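Undergrad: Provided below: final37.cif, containing mmCIF, C-alpha atoms and all ligand atoms.
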```cif
data_data
loop_
_atom_site.group_PDB
_atom_site.id
_atom_site.type_symbol
_atom_site.label_atom_id
_atom_site.label_comp_id
_atom_site.auth_asym_id
_atom_site.auth_seq_id
_atom_site.Cartn_x
_atom_site.Cartn_y
_atom_site.Cartn_z
ATOM 1 C CA MET A 1 0.000 0.000 0.000
ATOM 2 C CA ALA A 2 1.049 3.563 -0.490
ATOM 3 C CA VAL A 3 0.161 7.040 0.687
ATOM 4 C CA LEU A 4 -0.975 9.006 -2.347
ATOM 5 C CA LYS A 5 -0.497 12.666 -3.127
ATOM 6 C CA ILE A 6 -3.607 14.744 -2.552
ATOM 7 C CA ALA A 7 -4.754 17.230 -5.194
ATOM 8 C CA GLN A 8 -5.296 20.742 -3.853
ATOM 9 C CA MET A 9 -8.009 23.224 -4.810
ATOM 10 C CA GLY A 10 -7.197 24.773 -8.138
ATOM 11 C CA ASN A 11 -6.171 21.449 -9.640
ATOM 12 C CA PRO A 12 -8.655 20.855 -12.500
ATOM 13 C CA ILE A 13 -8.982 17.173 -11.514
ATOM 14 C CA LEU A 14 -11.102 18.315 -8.554
ATOM 15 C CA ARG A 15 -13.610 19.958 -10.915
ATOM 16 C CA ARG A 16 -14.143 17.057 -13.282
ATOM 17 C CA VAL A 17 -17.263 14.928 -13.265
ATOM 18 C CA THR A 18 -15.899 11.438 -12.686
ATOM 19 C CA ASP A 19 -16.641 8.278 -14.638
ATOM 20 C CA PRO A 20 -18.322 5.177 -13.194
ATOM 21 C CA VAL A 21 -16.420 1.943 -12.684
ATOM 22 C CA SER A 22 -17.495 -1.325 -14.343
ATOM 23 C CA LYS A 23 -17.713 -4.480 -12.229
ATOM 24 C CA GLN A 24 -14.961 -6.047 -14.282
ATOM 25 C CA GLU A 25 -12.637 -3.122 -13.697
ATOM 26 C CA LEU A 26 -13.484 -3.095 -10.030
ATOM 27 C CA SER A 27 -12.240 -6.649 -9.688
ATOM 28 C CA SER A 28 -8.896 -5.721 -11.268
ATOM 29 C CA GLU A 29 -5.779 -5.656 -9.166
ATOM 30 C CA ARG A 30 -5.193 -2.044 -10.166
ATOM 31 C CA LEU A 31 -8.475 -0.752 -8.749
ATOM 32 C CA GLN A 32 -8.333 -2.934 -5.664
ATOM 33 C CA ARG A 33 -4.886 -1.527 -4.966
ATOM 34 C CA LEU A 34 -6.197 2.008 -5.546
ATOM 35 C CA ILE A 35 -8.879 1.410 -2.897
ATOM 36 C CA ASP A 36 -6.258 0.103 -0.449
ATOM 37 C CA ASP A 37 -4.084 3.136 -1.147
ATOM 38 C CA MET A 38 -7.030 5.507 -0.680
ATOM 39 C CA ILE A 39 -7.730 3.948 2.725
ATOM 40 C CA GLU A 40 -4.091 4.290 3.716
ATOM 41 C CA THR A 41 -3.986 7.898 2.480
ATOM 42 C CA MET A 42 -7.185 8.829 4.357
ATOM 43 C CA ARG A 43 -5.772 7.368 7.571
ATOM 44 C CA GLU A 44 -2.346 8.955 7.093
ATOM 45 C CA TYR A 45 -3.891 12.427 6.877
ATOM 46 C CA GLU A 46 -6.505 11.719 9.548
ATOM 47 C CA GLY A 47 -9.373 12.319 7.189
ATOM 48 C CA VAL A 48 -12.804 10.776 7.605
ATOM 49 C CA GLY A 49 -13.340 10.364 3.875
ATOM 50 C CA LEU A 50 -11.509 10.512 0.576
ATOM 51 C CA ALA A 51 -12.725 10.531 -3.016
ATOM 52 C CA ALA A 52 -10.714 9.225 -5.975
ATOM 53 C CA PRO A 53 -10.353 12.605 -7.749
ATOM 54 C CA GLN A 54 -8.544 13.857 -4.638
ATOM 55 C CA VAL A 55 -5.799 11.377 -5.479
ATOM 56 C CA HIS A 56 -5.864 12.316 -9.174
ATOM 57 C CA VAL A 57 -8.126 9.485 -10.345
ATOM 58 C CA PRO A 58 -11.332 10.720 -12.025
ATOM 59 C CA ARG A 59 -13.471 7.707 -11.139
ATOM 60 C CA GLN A 60 -16.500 7.146 -8.915
ATOM 61 C CA ILE A 61 -14.799 5.672 -5.868
ATOM 62 C CA LEU A 62 -14.736 6.927 -2.300
ATOM 63 C CA VAL A 63 -13.746 5.687 1.112
ATOM 64 C CA ILE A 64 -15.205 6.736 4.451
ATOM 65 C CA GLU A 65 -14.133 5.983 7.979
ATOM 66 C CA SER A 66 -14.759 7.882 11.168
ATOM 67 C CA ARG A 67 -13.198 6.514 14.291
ATOM 68 C CA GLU A 68 -13.656 9.449 16.606
ATOM 69 C CA LYS A 69 -14.498 7.290 19.583
ATOM 70 C CA GLY A 70 -14.823 9.149 22.834
ATOM 71 C CA ARG A 71 -14.790 12.581 21.331
ATOM 72 C CA TYR A 72 -18.079 12.564 19.494
ATOM 73 C CA PRO A 73 -21.320 10.766 20.225
ATOM 74 C CA ALA A 74 -21.885 7.268 18.896
ATOM 75 C CA GLU A 75 -23.664 8.476 15.774
ATOM 76 C CA SER A 76 -20.437 10.171 14.713
ATOM 77 C CA GLU A 77 -18.744 6.897 14.030
ATOM 78 C CA SER A 78 -18.730 5.299 10.648
ATOM 79 C CA PRO A 79 -17.171 1.925 9.903
ATOM 80 C CA LEU A 80 -14.690 1.696 7.054
ATOM 81 C CA MET A 81 -16.569 1.694 3.775
ATOM 82 C CA ALA A 82 -15.439 1.760 0.178
ATOM 83 C CA LEU A 83 -18.253 2.849 -2.124
ATOM 84 C CA VAL A 84 -18.160 2.572 -5.896
ATOM 85 C CA ASN A 85 -20.550 4.435 -8.220
ATOM 86 C CA PRO A 86 -22.459 5.845 -5.227
ATOM 87 C CA VAL A 87 -25.747 7.648 -5.824
ATOM 88 C CA ILE A 88 -27.885 9.484 -3.294
ATOM 89 C CA VAL A 89 -31.386 8.140 -3.900
ATOM 90 C CA GLU A 90 -33.185 9.785 -0.975
ATOM 91 C CA ARG A 91 -32.577 12.990 0.989
ATOM 92 C CA SER A 92 -34.291 14.174 4.138
ATOM 93 C CA PRO A 93 -35.888 17.613 3.957
ATOM 94 C CA GLU A 94 -34.263 18.359 7.318
ATOM 95 C CA ARG A 95 -30.861 19.928 7.158
ATOM 96 C CA VAL A 96 -27.970 20.318 9.527
ATOM 97 C CA ARG A 97 -25.253 22.920 9.473
ATOM 98 C CA GLY A 98 -21.759 21.957 10.500
ATOM 99 C CA TRP A 99 -18.151 22.932 10.104
ATOM 100 C CA GLU A 100 -16.430 21.160 7.230
ATOM 101 C CA GLY A 101 -12.892 20.962 6.036
ATOM 102 C CA CYS A 102 -11.323 19.110 3.146
ATOM 103 C CA LEU A 103 -7.970 17.475 2.553
ATOM 104 C CA SER A 104 -7.983 19.238 -0.828
ATOM 105 C CA VAL A 105 -8.724 22.662 0.676
ATOM 106 C CA GLU A 106 -5.933 22.781 3.183
ATOM 107 C CA GLY A 107 -6.241 24.931 6.257
ATOM 108 C CA ILE A 108 -9.748 26.297 5.702
ATOM 109 C CA ARG A 109 -13.073 25.500 7.277
ATOM 110 C CA GLY A 110 -16.579 26.734 6.751
ATOM 111 C CA ILE A 111 -20.143 26.022 7.801
ATOM 112 C CA VAL A 112 -22.009 23.933 5.247
ATOM 113 C CA PRO A 113 -25.699 22.946 5.182
ATOM 114 C CA ARG A 114 -26.341 19.262 4.469
ATOM 115 C CA HIS A 115 -29.293 16.898 4.468
ATOM 116 C CA GLU A 116 -29.595 15.278 7.873
ATOM 117 C CA ARG A 117 -30.250 11.842 6.384
ATOM 118 C CA VAL A 118 -29.498 10.334 3.005
ATOM 119 C CA THR A 119 -29.942 6.939 1.401
ATOM 120 C CA VAL A 120 -27.027 5.897 -0.786
ATOM 121 C CA GLU A 121 -26.926 3.090 -3.326
ATOM 122 C CA ALA A 122 -23.526 1.889 -4.477
ATOM 123 C CA LEU A 123 -21.342 -1.138 -5.042
ATOM 124 C CA ASP A 124 -19.003 -2.315 -2.333
ATOM 125 C CA ARG A 125 -15.420 -3.090 -3.294
ATOM 126 C CA ALA A 126 -16.389 -6.675 -4.115
ATOM 127 C CA GLY A 127 -18.962 -5.408 -6.622
ATOM 128 C CA LYS A 128 -21.966 -6.249 -4.467
ATOM 129 C CA PRO A 129 -24.825 -3.708 -4.513
ATOM 130 C CA VAL A 130 -25.356 -2.010 -1.164
ATOM 131 C CA ARG A 131 -28.013 0.375 0.087
ATOM 132 C CA LEU A 132 -27.080 2.508 3.093
ATOM 133 C CA GLU A 133 -29.343 4.656 5.205
ATOM 134 C CA LEU A 134 -27.063 7.233 6.757
ATOM 135 C CA ALA A 135 -27.810 9.898 9.344
ATOM 136 C CA GLU A 136 -25.961 12.700 11.091
ATOM 137 C CA TYR A 137 -22.190 12.686 10.706
ATOM 138 C CA PRO A 138 -21.839 9.707 8.346
ATOM 139 C CA ALA A 139 -24.555 11.277 6.160
ATOM 140 C CA VAL A 140 -22.608 14.550 6.039
ATOM 141 C CA ILE A 141 -19.374 12.764 5.130
ATOM 142 C CA ALA A 142 -21.134 10.811 2.368
ATOM 143 C CA GLN A 143 -22.599 14.008 0.873
ATOM 144 C CA HIS A 144 -19.195 15.710 0.978
ATOM 145 C CA GLU A 145 -17.464 12.776 -0.729
ATOM 146 C CA ILE A 146 -20.165 12.138 -3.327
ATOM 147 C CA ASP A 147 -19.949 15.845 -4.213
ATOM 148 C CA HIS A 148 -16.264 15.318 -5.019
ATOM 149 C CA LEU A 149 -17.295 12.790 -7.675
ATOM 150 C CA GLN A 150 -19.298 15.562 -9.360
ATOM 151 C CA GLY A 151 -16.486 18.097 -9.163
ATOM 152 C CA ILE A 152 -18.127 19.936 -6.263
ATOM 153 C CA LEU A 153 -16.212 21.230 -3.230
ATOM 154 C CA PHE A 154 -17.715 22.128 0.147
ATOM 155 C CA LEU A 155 -17.126 25.800 -0.599
ATOM 156 C CA ASP A 156 -19.668 25.536 -3.418
ATOM 157 C CA ARG A 157 -22.289 24.364 -0.910
ATOM 158 C CA MET A 158 -21.783 27.164 1.577
ATOM 159 C CA GLU A 159 -24.706 29.558 1.840
ATOM 160 C CA ASP A 160 -22.751 32.235 3.657
ATOM 161 C CA LEU A 161 -19.059 32.711 2.993
ATOM 162 C CA ARG A 162 -18.680 34.779 6.137
ATOM 163 C CA SER A 163 -18.026 31.588 8.113
ATOM 164 C CA LEU A 164 -14.898 30.819 6.054
ATOM 165 C CA THR A 165 -12.165 30.393 8.630
ATOM 166 C CA PHE A 166 -8.484 29.514 8.659
ATOM 167 C CA MET A 167 -7.579 26.627 10.942
ATOM 168 C CA ARG A 168 -5.691 28.817 13.356
ATOM 169 C CA GLU A 169 -8.662 31.111 13.779
ATOM 170 C CA TYR A 170 -11.003 28.122 13.915
ATOM 171 C CA SER A 171 -9.013 26.794 16.847
ATOM 172 C CA ARG A 172 -8.891 30.178 18.476
ATOM 173 C CA PHE A 173 -12.489 31.325 18.059
ATOM 174 C CA TRP A 174 -14.763 28.506 16.960
ATOM 175 C CA SER A 175 -13.686 25.108 18.212
ATOM 176 C CA GLY A 176 -15.448 25.626 21.559
ATOM 177 C CA ALA A 177 -15.390 22.607 23.813
ATOM 178 C CA ASP A 178 -12.840 20.916 21.583
ATOM 179 C CA ASP A 179 -10.174 23.495 22.383
ATOM 180 C CA ASP A 180 -7.789 21.005 23.894
ATOM 181 C CA GLU A 181 -7.950 18.797 20.821
ATOM 182 C CA GLU A 182 -7.812 21.465 18.182
ATOM 183 C CA GLU A 183 -4.551 20.363 16.654
ATOM 184 C CA GLU A 184 -5.538 16.759 16.399
ATOM 185 C CA GLU A 185 -8.728 17.367 14.498
ATOM 186 C CA GLY A 186 -7.102 20.090 12.413
ATOM 187 C CA GLU A 187 -7.011 19.077 8.810
ATOM 188 C CA GLY A 188 -9.578 16.352 8.710
ATOM 189 C CA GLU A 189 -11.806 15.837 5.761
ATOM 190 C CA GLY A 190 -15.457 16.326 6.462
ATOM 191 C CA SER A 191 -17.229 17.937 9.320
ATOM 192 C CA ALA A 192 -15.690 18.637 12.672
ATOM 193 C CA ALA A 193 -18.596 19.606 14.835
ATOM 194 C CA GLN A 194 -22.241 19.886 14.020
ATOM 195 C CA GLU A 195 -24.055 23.076 14.813
ATOM 196 C CA GLU A 196 -27.746 23.813 14.835
ATOM 197 C CA ARG A 197 -28.857 20.254 14.315
HETATM 198 ZN ZN ZN B 1 -13.136 16.893 0.560
#
```
Using structure tokens, write down the structure from this file.
Ligand SMILES: [Zn+2]

TA:
Amino acid sequence: MAVLKIAQMGNPILRRVTDPVSKQELSSERLQRLIDDMIETMREYEGVGLAAPQVHVPRQILVIESREKGRYPAESESPLMALVNPVIVERSPERVRGWEGCLSVEGIRGIVPRHERVTVEALDRAGKPVRLELAEYPAVIAQHEIDHLQGILFLDRMEDLRSLTFMREYSRFWSGADDDEEEEEGEGEGSAAQEER
């Protein structure tokens, strides 16, 4: 396995609409290795999700894993998942607003509105169809990552750019009860703390 280089905002790869993956391709050694490398890269940079275009591959693959045990409530955890050709088939009308960051938008956070619950259909890495009903934090991560597959960054989803914040200022002014852990959760992909549920 290998840690891959992460594309940063401004790289056109992050703005491309990605192509789906066929079942045959998915079973190839090349794509299975890509998924392993994406998992290793996500863990290396302490992200909670990673989409293939972030590692310069314009295909519909993402990985999600949130292991924030002890720091966030139970609903914040998400087991390791690799999703291929994921589609959001249902969205709750209810929305949540939470701070998000992105491994491809280094050092910046902002408050993003997301659907509180989504249903996602995809293939798992073995090519088996899966249907996931996600809520709260895992739902937010899934929306963030699936957006990447459409060339959309969290900044595009912000309704009010006035919450755009550098990490240092986030730690200083906005991290609230997480003050003592500000450095650790610094650059993570996805949402750090939900507000206004
Ligand atoms: Zn991202």

Undergrad: Might you spell out which residues the PyMOL selection byres (((chain A and resi 154) around 9) and not hetatm) would select in the displayed file, as a list in words?

TA: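 For this structure, the PyMOL selection byres (((chain A and resi 154) around 9) and not hetatm) captures Glu100, Gly101, Cys102, Gly110, Ile111, Val112, His144, Asp147, His148, Ile152, Leu153, Leu155, Asp156, Arg157, Met158 and Gly190 of chain A.
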
Undergrad: Selected by the PyMOL selection byres (((chain A and resi 131) around 8) and not hetatm) in the shown coordinates: which residues, as a PyMOL selection string?

TA: chain A and resi 119-122+129-130+132-133

Undergrad: Distance limit 12 Å, reference ligand ZN 1 (chain B), atoms considered: all atoms listed in the file. Which residues make the cut? Give them as number ranges by chain.

TA: A: 6-9, 14-15, 42, 47-55, 62-64, 100-106, 108-109, 140-157, 187-191

Undergrad: I'd like to know which of A:Leu80, A:Glu90, A:Met167, A:His56 is closest to Ile39 (chain A), using only C-alpha atoms.

TA: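 The shortest atom-to-atom distance to Ile39 (chain A) comes from A:Leu80.
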
Undergrad: Got a sec: who's within 9 Å of Pro138 (chain A), counting only C-alpha atoms, leaving out chain neighbours fewer than 6 positions off, as a ChimeraX atom specification?

TA: /A:64-66,75-78,117

Undergrad: Give as a PyMOL selection string the residues that the PyMOL selection byres (((chain A and resi 32-37) around 10) and not hetatm) matches when applied to the coordinates above.

TA: chain A and resi 1-4+25-31+38-43+51-52+55+57+61-63+82-84+125-126

Undergrad: So, with only C-alpha atoms as the atoms that count, which of A:Glu94, A:Asp19, A:Glu169, A:Asp160 lies closest to Glu136 (chain A)?

TA: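 Smallest separation from Glu136 (chain A) among the options: A:Glu94.
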
Undergrad: Quick one: of A:Val96, A:Leu123, A:Val118, A:Ala135, who's nearest to Ser22 (chain A), counting only C-alpha atoms?

TA: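 Residue with the minimum atom-to-atom distance to Ser22 (chain A): A:Leu123.
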
Undergrad: Using Å and a single decimal, report how far CA of Leu161 (chain A) sits from CA of Glu44 (chain A).

TA: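 Rounded to one decimal, the two atoms are 29.3 Å apart.
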
Undergrad: Using CA of Arg67 (chain A) and CA of Gly98 (chain A) as the two end points, give the distance in Å to one decimal.

TA: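 Taking CA of Arg67 (chain A) as the start and CA of Gly98 (chain A) as the end point, the length is 18.1 Å.
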